[in-house]
file coords.txt (compact mmCIF, C-alpha atoms and all ligand atoms)
# COMPACT_ATOMS: atom_id res chain seq x y z
CA MET A 1496 44.29 15.21 17.43
CA TRP A 1497 41.21 17.09 18.60
CA PRO A 1498 39.55 18.86 15.63
CA GLY A 1499 37.09 21.27 17.32
CA PRO A 1500 34.67 21.99 20.15
CA VAL A 1501 32.27 19.32 21.47
CA ALA A 1502 28.80 19.40 23.04
CA ALA A 1503 29.00 21.31 26.30
CA PHE A 1504 26.77 19.22 28.58
CA ALA A 1505 26.33 15.44 28.42
CA MET A 1506 29.58 13.81 27.41
CA LYS A 1507 30.24 10.16 26.68
CA ILE A 1508 33.78 9.02 27.29
CA LEU A 1509 35.06 5.53 26.59
CA VAL A 1510 38.05 4.42 28.68
CA ALA A 1511 40.02 1.62 27.03
CA ASN A 1512 42.40 -0.40 29.16
CA LEU A 1513 44.85 -2.13 26.83
CA GLY A 1514 46.83 -5.04 28.24
CA SER A 1515 49.31 -7.18 26.38
CA THR A 1516 46.57 -9.83 25.91
CA SER A 1517 43.36 -8.06 26.94
CA LEU A 1518 41.11 -5.12 26.17
CA LYS A 1519 38.82 -3.92 28.96
CA TYR A 1520 36.60 -0.89 28.66
CA ARG A 1521 34.13 1.26 30.50
CA LEU A 1522 31.79 3.88 29.08
CA PHE A 1523 30.95 6.90 31.25
CA GLU A 1524 28.39 9.62 30.69
CA PHE A 1525 28.99 12.95 32.39
CA ARG A 1526 26.39 15.59 33.05
CA GLU A 1527 26.86 18.87 34.94
CA ASN A 1528 28.12 17.56 38.33
CA ASP A 1529 27.36 13.90 37.91
CA HIS A 1530 28.44 10.82 36.07
CA VAL A 1531 27.11 7.33 35.38
CA GLU A 1532 28.94 4.26 34.18
CA LEU A 1533 26.78 3.22 31.22
CA HIS A 1534 28.55 0.01 30.32
CA ARG A 1535 31.64 -2.09 30.88
CA GLY A 1536 33.06 -5.02 29.00
CA GLY A 1537 36.19 -6.67 27.78
CA THR A 1538 37.95 -9.36 25.81
CA GLU A 1539 40.65 -11.65 27.19
CA ARG A 1540 43.31 -13.51 25.20
CA VAL A 1541 43.44 -10.82 22.53
CA THR A 1542 45.69 -11.65 19.59
CA ASP A 1543 44.19 -9.19 17.13
CA TYR A 1544 43.60 -5.68 18.47
CA VAL A 1545 41.68 -4.58 15.36
CA GLY A 1546 39.15 -7.35 16.00
CA ALA A 1547 38.99 -6.62 19.73
CA ILE A 1548 38.36 -2.90 19.13
CA ASP A 1549 35.68 -3.73 16.54
CA ALA A 1550 34.05 -6.04 19.07
CA CYS A 1551 34.17 -3.31 21.74
CA LEU A 1552 32.43 -0.77 19.50
CA ARG A 1553 29.90 -3.38 18.36
CA ASP A 1554 29.16 -4.20 22.01
CA LEU A 1555 28.52 -0.52 22.74
CA HIS A 1556 26.03 -0.40 19.82
CA GLU A 1557 24.33 -3.66 20.64
CA THR A 1558 23.81 -2.75 24.28
CA GLY A 1559 22.33 0.60 23.24
CA SER A 1560 25.12 2.46 25.03
CA ILE A 1561 25.79 4.47 21.87
CA ARG A 1562 23.83 4.88 18.62
CA HIS A 1563 26.78 5.99 16.51
CA GLU A 1564 30.52 6.00 17.08
CA ARG A 1565 30.29 9.79 16.85
CA ASP A 1566 28.32 9.70 20.12
CA LEU A 1567 31.66 9.16 21.83
CA ASP A 1568 33.13 12.53 22.80
CA ALA A 1569 36.51 10.99 23.49
CA VAL A 1570 38.36 7.72 23.92
CA ALA A 1571 40.68 7.90 26.92
CA PHE A 1572 43.63 5.73 27.94
CA LYS A 1573 45.49 5.07 31.18
CA THR A 1574 48.88 5.29 29.51
CA ILE A 1575 52.09 4.45 31.32
CA LEU A 1576 55.22 6.37 30.37
CA ALA A 1577 56.43 8.75 27.66
CA ARG A 1578 59.81 10.43 27.23
CA ASP A 1579 59.70 13.94 28.75
CA ARG A 1580 55.89 13.91 28.87
CA SER A 1581 53.39 13.27 31.65
CA GLY A 1582 50.05 14.61 32.87
CA CYS A 1583 46.97 14.43 30.65
CA ALA A 1584 47.22 15.16 26.92
CA PHE A 1585 45.45 14.85 23.59
CA VAL A 1586 47.20 12.11 21.64
CA ASP A 1587 49.11 13.09 18.51
CA ASP A 1588 52.01 11.55 16.57
CA GLU A 1589 54.54 13.31 18.77
CA LEU A 1590 53.05 11.85 21.93
CA LEU A 1591 52.95 8.36 20.43
CA ALA A 1592 56.61 8.71 19.45
CA ALA A 1593 57.46 9.79 23.01
CA MET A 1594 55.67 6.67 24.29
CA GLU A 1595 57.47 4.45 21.80
CA ALA A 1596 60.77 5.85 23.02
CA CYS A 1597 59.97 4.21 26.39
CA ASN A 1598 58.90 0.81 25.02
CA ARG A 1599 61.89 -0.94 26.53
CA ILE A 1600 61.27 0.54 29.98
CA ALA A 1601 57.66 -0.65 29.98
CA PRO A 1602 57.70 -3.60 27.55
CA ALA A 1603 54.47 -5.16 28.83
CA HIS A 1604 52.56 -1.87 28.83
CA ASN A 1605 53.68 0.74 26.30
CA PRO A 1606 53.60 -1.29 23.06
CA PRO A 1607 49.95 -2.43 23.48
CA TYR A 1608 48.88 1.14 24.22
CA VAL A 1609 50.68 2.61 21.21
CA LYS A 1610 49.25 -0.09 18.98
CA GLY A 1611 45.71 0.18 20.37
CA ILE A 1612 45.63 3.99 20.24
CA ARG A 1613 46.75 3.90 16.59
CA ILE A 1614 43.93 1.50 15.75
CA PHE A 1615 41.31 3.62 17.57
CA THR A 1616 42.64 6.77 15.84
CA HIS A 1617 42.48 5.13 12.43
CA ARG A 1618 38.99 3.82 13.11
CA MET A 1619 37.65 7.11 14.59
CA PRO A 1620 39.82 9.90 13.15
CA LYS A 1621 37.49 12.69 14.31
CA THR A 1622 37.19 11.52 17.91
CA PRO A 1623 39.66 13.02 20.40
CA MET A 1624 42.02 10.49 21.96
CA VAL A 1625 43.17 11.45 25.44
CA ALA A 1626 46.04 9.97 27.46
CA LEU A 1627 46.39 10.22 31.23
CA PHE A 1628 49.86 9.01 32.20
CA GLU A 1629 50.28 6.84 35.29
CA THR A 1630 53.24 9.04 36.23
CA ALA A 1631 51.08 12.21 36.38
CA PHE A 1632 50.13 11.85 40.04
CA TYR A 1633 53.80 11.99 41.06
CA GLN A 1634 54.77 15.12 39.14
CA TRP A 1635 55.27 17.12 42.34
CA LEU A 1636 57.41 14.57 44.19
CA PRO A 1637 60.37 16.22 45.89
CA GLU A 1638 63.71 15.57 44.20
CA ALA A 1639 64.86 13.44 47.16
CA ALA A 1640 62.01 11.01 46.44
CA CYS A 1641 62.89 10.56 42.75
CA ARG A 1642 66.65 10.67 42.35
CA TYR A 1643 68.86 7.60 42.24
CA ALA A 1644 72.51 7.98 43.21
CA VAL A 1645 73.83 7.43 39.67
CA PRO A 1646 75.71 9.67 37.20
CA GLU A 1647 73.76 12.79 36.36
CA SER A 1648 73.77 11.93 32.65
CA TRP A 1649 71.66 8.84 33.55
CA TYR A 1650 69.12 11.06 35.25
CA ALA A 1651 68.78 12.96 31.98
CA LEU A 1652 68.05 9.61 30.30
CA GLY A 1653 65.14 9.02 32.67
CA VAL A 1654 66.94 6.85 35.24
CA ARG A 1655 64.92 8.08 38.22
CA ARG A 1656 61.85 7.12 40.20
CA PHE A 1657 58.66 8.00 38.31
CA GLY A 1658 55.97 6.12 40.24
CA TYR A 1659 53.00 4.35 38.59
CA HIS A 1660 49.42 3.32 39.40
CA GLY A 1661 48.80 7.07 39.55
CA ALA A 1662 45.11 6.86 38.58
CA SER A 1663 44.40 4.18 41.18
CA HIS A 1664 46.25 5.87 44.06
CA LYS A 1665 44.61 9.17 43.11
CA PHE A 1666 41.19 7.53 43.35
CA ILE A 1667 42.14 6.11 46.77
CA ALA A 1668 43.39 9.54 47.89
CA GLU A 1669 40.00 11.06 46.95
CA ARG A 1670 37.80 8.34 48.33
CA SER A 1671 39.75 7.78 51.57
CA ALA A 1672 39.55 11.53 52.27
CA ASP A 1673 35.76 11.43 51.79
CA LEU A 1674 35.45 8.40 54.09
CA LEU A 1675 37.64 10.06 56.74
CA GLN A 1676 35.35 13.13 56.70
CA ARG A 1677 37.88 15.33 54.92
CA PRO A 1678 35.98 16.66 51.88
CA ASP A 1679 38.51 19.52 51.72
CA ILE A 1680 41.24 16.98 50.87
CA GLY A 1681 38.94 14.95 48.60
CA ASP A 1682 38.14 18.08 46.57
CA ARG A 1683 41.81 19.09 46.54
CA VAL A 1684 42.77 15.78 44.93
CA ARG A 1685 39.80 15.67 42.53
CA SER A 1686 40.79 19.05 41.12
CA LEU A 1687 44.52 18.34 41.33
CA TYR A 1688 45.30 18.75 37.65
CA ASP A 1689 43.29 21.96 37.26
CA ARG A 1690 46.34 24.04 38.21
CA PRO A 1691 50.09 23.90 37.74
CA GLN A 1692 50.65 23.17 41.48
CA PRO A 1693 48.43 21.38 44.05
CA ALA A 1694 45.94 23.72 45.71
CA PRO A 1695 47.07 24.72 49.23
CA THR A 1696 45.39 22.94 52.15
CA ASP A 1697 43.42 24.70 54.85
CA SER A 1698 46.24 25.16 57.37
CA GLY A 1699 43.78 25.17 60.30
CA ARG A 1700 43.06 21.46 59.94
CA PRO A 1701 45.29 18.51 60.88
CA GLU A 1702 47.21 16.71 58.17
CA LEU A 1703 45.54 13.67 56.63
CA ARG A 1704 48.06 10.84 56.26
CA VAL A 1705 47.13 7.74 54.29
CA ILE A 1706 49.03 4.79 52.85
CA SER A 1707 47.45 3.22 49.78
CA CYS A 1708 48.33 -0.38 48.83
CA HIS A 1709 47.36 -1.26 45.24
CA LEU A 1710 47.92 -5.03 45.17
CA GLY A 1711 47.09 -6.90 41.97
CA GLY A 1712 48.84 -8.29 38.90
CA SER A 1713 51.02 -5.21 39.40
CA SER A 1714 51.42 -3.91 42.93
CA SER A 1715 52.60 -0.70 44.55
CA VAL A 1716 52.41 1.25 47.79
CA THR A 1717 52.07 5.04 48.01
CA GLY A 1718 52.26 7.43 50.96
CA LEU A 1719 49.78 10.34 50.79
CA ARG A 1720 50.03 13.57 52.76
CA ASN A 1721 46.85 15.59 52.42
CA GLY A 1722 46.09 13.52 49.32
CA ILE A 1723 49.37 14.23 47.53
CA PRO A 1724 51.94 11.44 47.14
CA ILE A 1725 55.23 11.64 49.02
CA GLY A 1726 56.56 8.62 47.11
CA ASN A 1727 55.64 5.35 45.42
CA SER A 1728 57.33 1.96 45.57
CA PHE A 1729 57.77 1.86 41.79
CA GLY A 1730 61.01 3.28 40.41
CA THR A 1731 61.98 3.92 36.79
CA SER A 1732 59.89 1.12 35.37
CA PRO A 1733 56.67 -0.72 36.23
CA GLN A 1734 58.84 -3.81 36.80
CA SER A 1735 60.28 -2.42 40.05
CA GLY A 1736 59.23 -2.01 43.70
CA LEU A 1737 57.20 -4.92 45.08
CA PRO A 1738 57.50 -8.36 43.48
CA GLN A 1739 54.99 -8.31 40.60
CA ASN A 1740 53.17 -11.29 39.05
CA ASN A 1741 55.96 -12.12 36.53
CA ARG A 1742 58.26 -9.14 37.06
CA SER A 1743 61.08 -8.98 39.52
CA GLY A 1744 60.42 -5.86 41.54
CA ASP A 1745 63.43 -4.22 43.19
CA LEU A 1746 66.79 -5.85 42.65
CA ASP A 1747 70.35 -4.87 43.50
CA PRO A 1748 71.89 -3.69 40.19
CA PHE A 1749 75.10 -5.58 40.96
CA ALA A 1750 73.13 -8.79 41.44
CA LEU A 1751 71.85 -8.35 37.89
CA LEU A 1752 75.36 -7.79 36.54
CA HIS A 1753 76.58 -10.86 38.43
CA ALA A 1754 73.79 -13.07 37.03
CA MET A 1755 74.35 -11.77 33.50
CA ARG A 1756 78.09 -12.50 33.67
CA GLU A 1757 77.76 -15.92 35.30
CA GLN A 1758 75.05 -17.14 32.92
CA SER A 1759 76.38 -15.27 29.85
CA LEU A 1760 73.04 -13.53 29.43
CA SER A 1761 72.47 -10.92 26.73
CA VAL A 1762 70.56 -7.75 27.57
CA ASP A 1763 67.51 -9.23 25.82
CA ASP A 1764 67.80 -12.48 27.82
CA ALA A 1765 67.97 -10.52 31.06
CA GLU A 1766 65.03 -8.34 30.06
CA ARG A 1767 62.91 -11.39 29.30
CA LEU A 1768 63.86 -13.15 32.54
CA LEU A 1769 63.22 -10.08 34.68
CA SER A 1770 59.93 -9.12 33.01
CA ARG A 1771 58.36 -12.54 32.33
CA GLU A 1772 60.05 -15.20 34.42
CA SER A 1773 60.53 -13.41 37.73
CA GLY A 1774 58.29 -12.03 40.50
CA LEU A 1775 55.76 -14.33 42.18
CA ARG A 1776 56.07 -16.72 39.25
CA ALA A 1777 59.79 -17.30 39.90
CA LEU A 1778 59.45 -17.56 43.68
CA SER A 1779 56.48 -19.95 43.59
CA GLY A 1780 57.94 -22.18 40.91
CA GLY A 1781 55.50 -21.24 38.15
CA ASP A 1782 52.30 -19.64 39.42
CA ASN A 1783 51.62 -15.93 39.16
CA ASP A 1784 48.03 -15.75 40.40
CA LEU A 1785 47.82 -15.38 44.17
CA ARG A 1786 44.73 -17.62 44.31
CA ASP A 1787 46.74 -20.57 42.96
CA ILE A 1788 49.77 -19.72 45.08
CA ARG A 1789 47.64 -19.59 48.23
CA GLN A 1790 46.01 -22.97 47.44
CA LYS A 1791 49.41 -24.58 47.00
CA ALA A 1792 50.81 -22.98 50.13
CA LEU A 1793 47.85 -24.28 52.14
CA ALA A 1794 48.55 -27.74 50.72
CA GLY A 1795 52.11 -27.53 52.03
CA ASP A 1796 54.07 -26.30 49.01
CA GLY A 1797 57.17 -24.55 50.39
CA LYS A 1798 57.91 -22.46 47.30
CA ALA A 1799 54.38 -21.10 47.22
CA GLN A 1800 54.72 -20.18 50.89
CA THR A 1801 58.03 -18.42 50.18
CA ALA A 1802 56.37 -16.38 47.41
CA ILE A 1803 53.70 -15.25 49.86
CA ASP A 1804 56.23 -14.50 52.60
CA VAL A 1805 58.40 -12.37 50.31
CA PHE A 1806 55.37 -10.52 48.97
CA VAL A 1807 54.03 -9.75 52.47
CA SER A 1808 57.47 -8.74 53.71
CA GLN A 1809 57.95 -6.30 50.83
CA ILE A 1810 54.51 -4.77 51.29
CA ARG A 1811 55.32 -4.21 54.98
CA HIS A 1812 58.72 -2.79 54.06
CA TRP A 1813 57.14 -0.09 51.90
CA ILE A 1814 54.32 0.62 54.34
CA GLY A 1815 57.00 1.05 57.00
CA ALA A 1816 58.97 3.50 54.88
CA PHE A 1817 55.96 5.77 54.30
CA PHE A 1818 54.62 5.31 57.84
CA PHE A 1819 57.89 6.76 59.16
CA GLU A 1820 58.04 9.61 56.67
CA LEU A 1821 54.45 10.55 57.41
CA ASP A 1822 55.05 10.36 61.19
CA GLY A 1823 52.25 7.81 61.54
CA ILE A 1824 49.05 7.47 59.55
CA ASP A 1825 45.30 7.93 59.83
CA ALA A 1826 44.41 5.13 57.42
CA LEU A 1827 45.87 2.15 55.60
CA VAL A 1828 43.94 1.26 52.45
CA PHE A 1829 43.93 -1.97 50.44
CA THR A 1830 42.76 -1.99 46.84
CA ALA A 1831 42.91 -3.88 43.47
CA GLY A 1832 42.48 -7.60 42.74
CA ILE A 1833 44.58 -8.88 45.64
CA GLY A 1834 44.00 -6.02 48.09
CA GLU A 1835 40.21 -6.27 47.68
CA ASN A 1836 39.80 -10.06 47.60
CA HIS A 1837 42.34 -11.69 49.92
CA PRO A 1838 41.52 -11.04 53.61
CA TRP A 1839 44.22 -13.48 54.79
CA LEU A 1840 46.85 -11.33 53.05
CA ARG A 1841 45.54 -8.13 54.66
CA GLU A 1842 45.69 -9.91 58.01
CA GLN A 1843 49.32 -10.94 57.45
CA VAL A 1844 50.32 -7.44 56.34
CA CYS A 1845 48.79 -5.93 59.51
CA ALA A 1846 49.94 -8.65 61.94
CA GLY A 1847 51.72 -7.53 65.12
CA LEU A 1848 51.39 -3.78 64.54
CA GLU A 1849 49.22 -2.99 67.58
CA ARG A 1850 51.90 -0.76 69.09
CA LEU A 1851 51.87 1.32 65.89
CA GLY A 1852 48.10 1.63 66.28
CA LEU A 1853 46.92 -0.93 63.68
CA LEU A 1854 44.49 -3.56 64.87
CA ILE A 1855 42.51 -5.48 62.29
CA ASP A 1856 39.02 -6.81 63.10
CA PRO A 1857 39.10 -10.47 61.97
CA ILE A 1858 35.38 -10.73 61.30
CA ALA A 1859 35.02 -7.41 59.47
CA ASN A 1860 38.15 -8.27 57.49
CA HIS A 1861 37.00 -11.73 56.45
CA THR A 1862 33.59 -10.53 55.33
CA ALA A 1863 35.00 -7.65 53.23
CA MET A 1864 35.25 -8.83 49.62
CA ALA A 1865 35.51 -6.35 46.78
CA THR A 1866 33.33 -3.87 48.63
CA GLU A 1867 34.11 -0.72 50.59
CA ALA A 1868 34.65 -1.71 54.21
CA LEU A 1869 36.25 -0.59 57.43
CA VAL A 1870 38.18 -3.66 58.58
CA SER A 1871 39.98 -2.27 61.65
CA ALA A 1872 38.80 -2.90 65.20
CA PRO A 1873 36.97 -0.01 66.92
CA GLU A 1874 39.97 0.54 69.24
CA SER A 1875 42.49 0.68 66.35
CA ARG A 1876 44.06 4.18 66.20
CA VAL A 1877 44.64 3.72 62.47
CA GLN A 1878 41.68 2.93 60.25
CA ILE A 1879 42.27 -0.06 57.98
CA ARG A 1880 40.02 0.06 54.93
CA VAL A 1881 39.20 -1.81 51.76
CA ILE A 1882 38.29 0.55 48.91
CA PRO A 1883 37.68 -0.90 45.44
CA THR A 1884 39.62 1.28 43.04
CA ASN A 1885 38.12 3.01 39.99
CA GLU A 1886 41.04 4.02 37.81
CA GLU A 1887 38.83 4.32 34.76
CA LEU A 1888 36.70 6.99 36.40
CA VAL A 1889 39.80 9.06 37.15
CA VAL A 1890 40.90 8.76 33.51
CA ALA A 1891 37.43 9.63 32.17
CA ARG A 1892 37.18 12.67 34.46
CA GLU A 1893 40.51 14.02 33.27
CA ALA A 1894 39.52 13.50 29.64
CA ARG A 1895 36.33 15.42 30.33
CA ARG A 1896 38.32 18.22 31.94
CA MET A 1897 40.52 18.42 28.85
CA LEU A 1898 37.45 18.64 26.58
CA GLN A 1899 35.85 21.29 28.78
CA ALA A 1900 39.04 23.36 28.80
CA LEU A 1901 39.10 23.15 25.04
CA ASN A 1902 35.45 24.22 24.84
CA THR A 1903 36.19 27.20 27.03
CA ALA A 1904 39.08 28.17 24.78
CA ASN A 1905 37.04 27.59 21.57
CA PRO A 1906 33.33 28.15 22.32
CA ILE A 1907 30.92 26.60 19.80
P1 LIG K 1 45.65 -6.44 37.05
O1 LIG K 1 46.72 -5.86 37.91
O2 LIG K 1 46.18 -7.26 35.91
O3 LIG K 1 44.54 -5.49 36.69
P2 LIG K 1 44.06 -7.57 39.20
O4 LIG K 1 44.00 -6.27 39.92
O5 LIG K 1 42.77 -8.26 38.89
O6 LIG K 1 44.94 -7.56 37.91
O7 LIG K 1 44.94 -8.53 40.10
C1 LIG K 1 45.22 -9.88 39.77
C2 LIG K 1 45.44 -10.63 41.09
O8 LIG K 1 44.31 -10.37 41.92
C3 LIG K 1 45.60 -12.12 40.98
O9 LIG K 1 46.76 -12.52 41.67
C4 LIG K 1 44.38 -12.70 41.68
O10 LIG K 1 44.76 -13.63 42.65
C5 LIG K 1 43.74 -11.55 42.39
N1 LIG K 1 42.30 -11.47 42.11
C6 LIG K 1 41.68 -10.71 41.17
N2 LIG K 1 40.34 -10.87 41.25
C7 LIG K 1 40.10 -11.75 42.24
C8 LIG K 1 38.93 -12.34 42.80
N3 LIG K 1 37.71 -12.03 42.34
N4 LIG K 1 39.09 -13.20 43.82
C9 LIG K 1 40.29 -13.52 44.30
N5 LIG K 1 41.44 -13.00 43.79
C10 LIG K 1 41.37 -12.14 42.79

call {"tool": "encode", "arguments": {"input": "coords.txt", "output": "structure tokens", "more": "lines below"}}
Ligand code: ADP
result
Amino acid sequence: MWPGPVAAFAMKILVANLGSTSLKYRLFEFRENDHVELHRGGTERVTDYVGAIDACLRDLHETGSIRHERDLDAVAFKTILARDRSGCAFVDDELLAAMEACNRIAPAHNPPYVKGIRIFTHRMPKTPMVALFETAFYQWLPEAACRYAVPESWYALGVRRFGYHGASHKFIAERSADLLQRPDIGDRVRSLYDRPQPAPTDSGRPELRVISCHLGGSSSVTGLRNGIPIGNSFGTSPQSGLPQNNRSGDLDPFALLHAMREQSLSVDDAERLLSRESGLRALSGGDNDLRDIRQKALAGDGKAQTAIDVFVSQIRHWIGAFFFELDGIDALVFTAGIGENHPWLREQVCAGLERLGLLIDPIANHTAMATEALVSAPESRVQIRVIPTNEELVVAREARRMLQALNTANPI
């Protein structure tokens, strides 16, 4: 809980990214209209969160990024899902309980966040903890984009499309608008959460239509009209949509019932199989990192090739859905670990789409690695771009906005 006003100008905000076996962090300092990333670090193979959080704070001291823990104005988290809550919020017991209520929908994501936030809160009880939910970016989706055709009582339970990767797709919406010379849209998205509804667009200018592909350990595709999502490939849980590293992605519900009956699976068995033993891992016969899958496919492994083919086909499926709804696009953007680092995959996703106006430039594409780049040919009607995402910056900015709003309400 936030106890009182903070310093009005320079603010240091730590963003902690808590995975089931990792803790990654970035420290930002904000001044008036500017920010710098002071430090980033992380620990893999975490078994003890208390130790990992101690090590993070020690690292910030030892690198001179902070002198005291009280130098941190807030610790912010890219949280996933909470029952009946979204947006950006100061963390309190009620919010943590609402997150815990969704543990079974996001078993790989919610429990580490709840645990990690509790440890940070215990360690730094006077420092505000801020949560930006991955669902926040989709809060204005039309009903037709979020309802499933199931009994209404299920909808009340949260059986609906939420959409995830909100911080990443929001960053892409901002940055793609800047790169396409539409600062009006970039500013609209940057200040999106300042008001209860998105700011209106300048009606005199053409619509900006972008499809953002976040492809990594988790993957999703989002269609953006004037920077605001019209939908996301994720559904109720972050296990849905595209095939994920170990998680199934979309599946016919009757196929699940059939498999459960035929193999006498309990609900827990099915949950484990769908969330840990499915996705690219299941298709490839054991690998879940696209680098390994690609190596095996190149060496002639048929299962690895199938995993790639299914992944590419599903990415194209979702791009196609949003392309149609948007009546064509101005830009297709690739981001995250796979989107930024695998040119061959971008080439396969864009293959044979010349009549839709997408023409990739093989040389520009193959030289673009984890850097911002235009990878379409000059004659391509649609720009194809690589934009490294910066989810942490989006989270830190929202935490800063929350602190500033609080300062305005309670001046020092
Ligand atoms: P997460 O979704 O867990 O944050 P990433 O966005 O890093 O993970 O995505 C993991 C995937 O991205 C892996 O399949 C891996 O193949 C790919 N990847 C990540 N970094 C690189 C890199 N530097 N070079 C090649 N592939 C990478």

call {"tool": "closest_residue", "arguments": {"input": "coords.txt", "among": "A:Pro1623, A:Gly1514, A:Gly1658, A:Pro1748", "to": "ligand LIG 1 (chain K)", "atoms": "only C-alpha atoms and all ligand atoms"}}
result
A:Gly1514

call {"tool": "closest_atom_pairs", "arguments": {"input": "coords.txt", "of": "chain A", "to": "ligand LIG 1 (chain K)", "cutoff": "7 Å", "atoms": "all atoms listed in the file", "output": "JSON lines"}}
result
{"residue": "A:Leu1710", "atom": "CA", "partner": "K:LIG1", "partner_atom": "O4", "distance": 6.7}
{"residue": "A:Gly1711", "atom": "CA", "partner": "K:LIG1", "partner_atom": "O7", "distance": 3.3}
{"residue": "A:Gly1712", "atom": "CA", "partner": "K:LIG1", "partner_atom": "O1", "distance": 3.4}
{"residue": "A:Ser1713", "atom": "CA", "partner": "K:LIG1", "partner_atom": "O1", "distance": 4.6}
{"residue": "A:Asn1783", "atom": "CA", "partner": "K:LIG1", "partner_atom": "O9", "distance": 6.4}
{"residue": "A:Asp1784", "atom": "CA", "partner": "K:LIG1", "partner_atom": "O9", "distance": 3.7}
{"residue": "A:Leu1785", "atom": "CA", "partner": "K:LIG1", "partner_atom": "O10", "distance": 3.8}
{"residue": "A:Arg1786", "atom": "CA", "partner": "K:LIG1", "partner_atom": "O10", "distance": 4.3}
{"residue": "A:Ala1831", "atom": "CA", "partner": "K:LIG1", "partner_atom": "O4", "distance": 4.4}
{"residue": "A:Gly1832", "atom": "CA", "partner": "K:LIG1", "partner_atom": "O8", "distance": 3.4}
{"residue": "A:Ile1833", "atom": "CA", "partner": "K:LIG1", "partner_atom": "O8", "distance": 4.0}
{"residue": "A:Asn1836", "atom": "CA", "partner": "K:LIG1", "partner_atom": "C9", "distance": 4.8}
{"residue": "A:His1837", "atom": "CA", "partner": "K:LIG1", "partner_atom": "C9", "distance": 6.3}

call {"tool": "residues_near_point", "arguments": {"input": "coords.txt", "point": "(36.2, -2.6, 55.3)", "cutoff": "9 Å", "atoms": "only C-alpha atoms", "output": "VMD selection string"}}
result
chain A and resid 1859 to 1860 1862 to 1864 1866 to 1871 1879 to 1882

call {"tool": "closest_residue", "arguments": {"input": "coords.txt", "among": "A:Met1594, A:Ala1569, A:Cys1708, A:Ala1577", "to": "Arg1811 of chain A", "atoms": "all atoms listed in the file"}}
result
A:Cys1708

call {"tool": "closest_residue", "arguments": {"input": "coords.txt", "among": "A:Val1531, A:Val1762, A:Val1828, A:Ile1575", "to": "Cys1845 of chain A", "atoms": "all atoms listed in the file"}}
result
A:Val1828

call {"tool": "closest_residue", "arguments": {"input": "coords.txt", "among": "A:Arg1704, A:Lys1665, A:His1556, A:Arg1776", "to": "Ser1686 of chain A", "atoms": "only C-alpha atoms"}}
result
A:Lys1665

call {"tool": "residues_around", "arguments": {"input": "coords.txt", "residues": "Ala1900 of chain A", "least_positions_apart": "2", "cutoff": "12 Å", "atoms": "only C-alpha atoms", "output": "list in words"}}
result
Gly1499, Pro1500, Val1501, Ala1503, Ala1584, Phe1585, Tyr1688, Asp1689, Arg1690, Glu1893, Ala1894, Arg1895, Arg1896, Met1897, Leu1898, Asn1902, Thr1903, Ala1904, Asn1905 and Pro1906 of chain A

call {"tool": "residues_around", "arguments": {"input": "coords.txt", "residues": "Asp1549 of chain A", "least_positions_apart": "4", "cutoff": "12 Å", "atoms": "all atoms listed in the file", "output": "list in words"}}
result
Leu1518, Gly1537, Thr1538, Asp1543, Tyr1544, Val1545, Arg1553, Asp1554, Leu1555, His1556, Glu1564, Gly1611, Ile1614, Phe1615, His1617, Arg1618 and Met1619 of chain A

call {"tool": "closest_residue", "arguments": {"input": "coords.txt", "among": "A:Ala1639, A:Leu1848, A:Val1877, A:Val1705", "to": "Ser1671 of chain A", "atoms": "only C-alpha atoms"}}
result
A:Val1705

call {"tool": "closest_residue", "arguments": {"input": "coords.txt", "among": "A:His1861, A:Arg1700, A:Arg1742, A:Arg1642", "to": "Ser1770 of chain A", "atoms": "all atoms listed in the file"}}
result
A:Arg1742

call {"tool": "atom_distance", "arguments": {"input": "coords.txt", "atom1": "atom CA of Ser1698 of chain A", "atom2": "atom CA of Asp1682 of chain A"}}
result
15.2 Å

call {"tool": "atom_distance", "arguments": {"input": "coords.txt", "atom1": "atom CA of Asn1727 of chain A", "atom2": "atom CA of Gly1815 of chain A"}}
result
12.4 Å

call {"tool": "atom_distance", "arguments": {"input": "coords.txt", "atom1": "atom CA of Thr1630 of chain A", "atom2": "atom CA of Phe1666 of chain A"}}
result
14.1 Å

call {"tool": "residues_around", "arguments": {"input": "coords.txt", "residues": "Pro1602 of chain A", "least_positions_apart": "5", "cutoff": "12 Å", "atoms": "all atoms listed in the file", "output": "PyMOL selection string"}}
result
chain A and resi 1514-1515+1575-1576+1594-1597+1607-1609+1732-1734+1742+1763+1766-1767+1769-1771
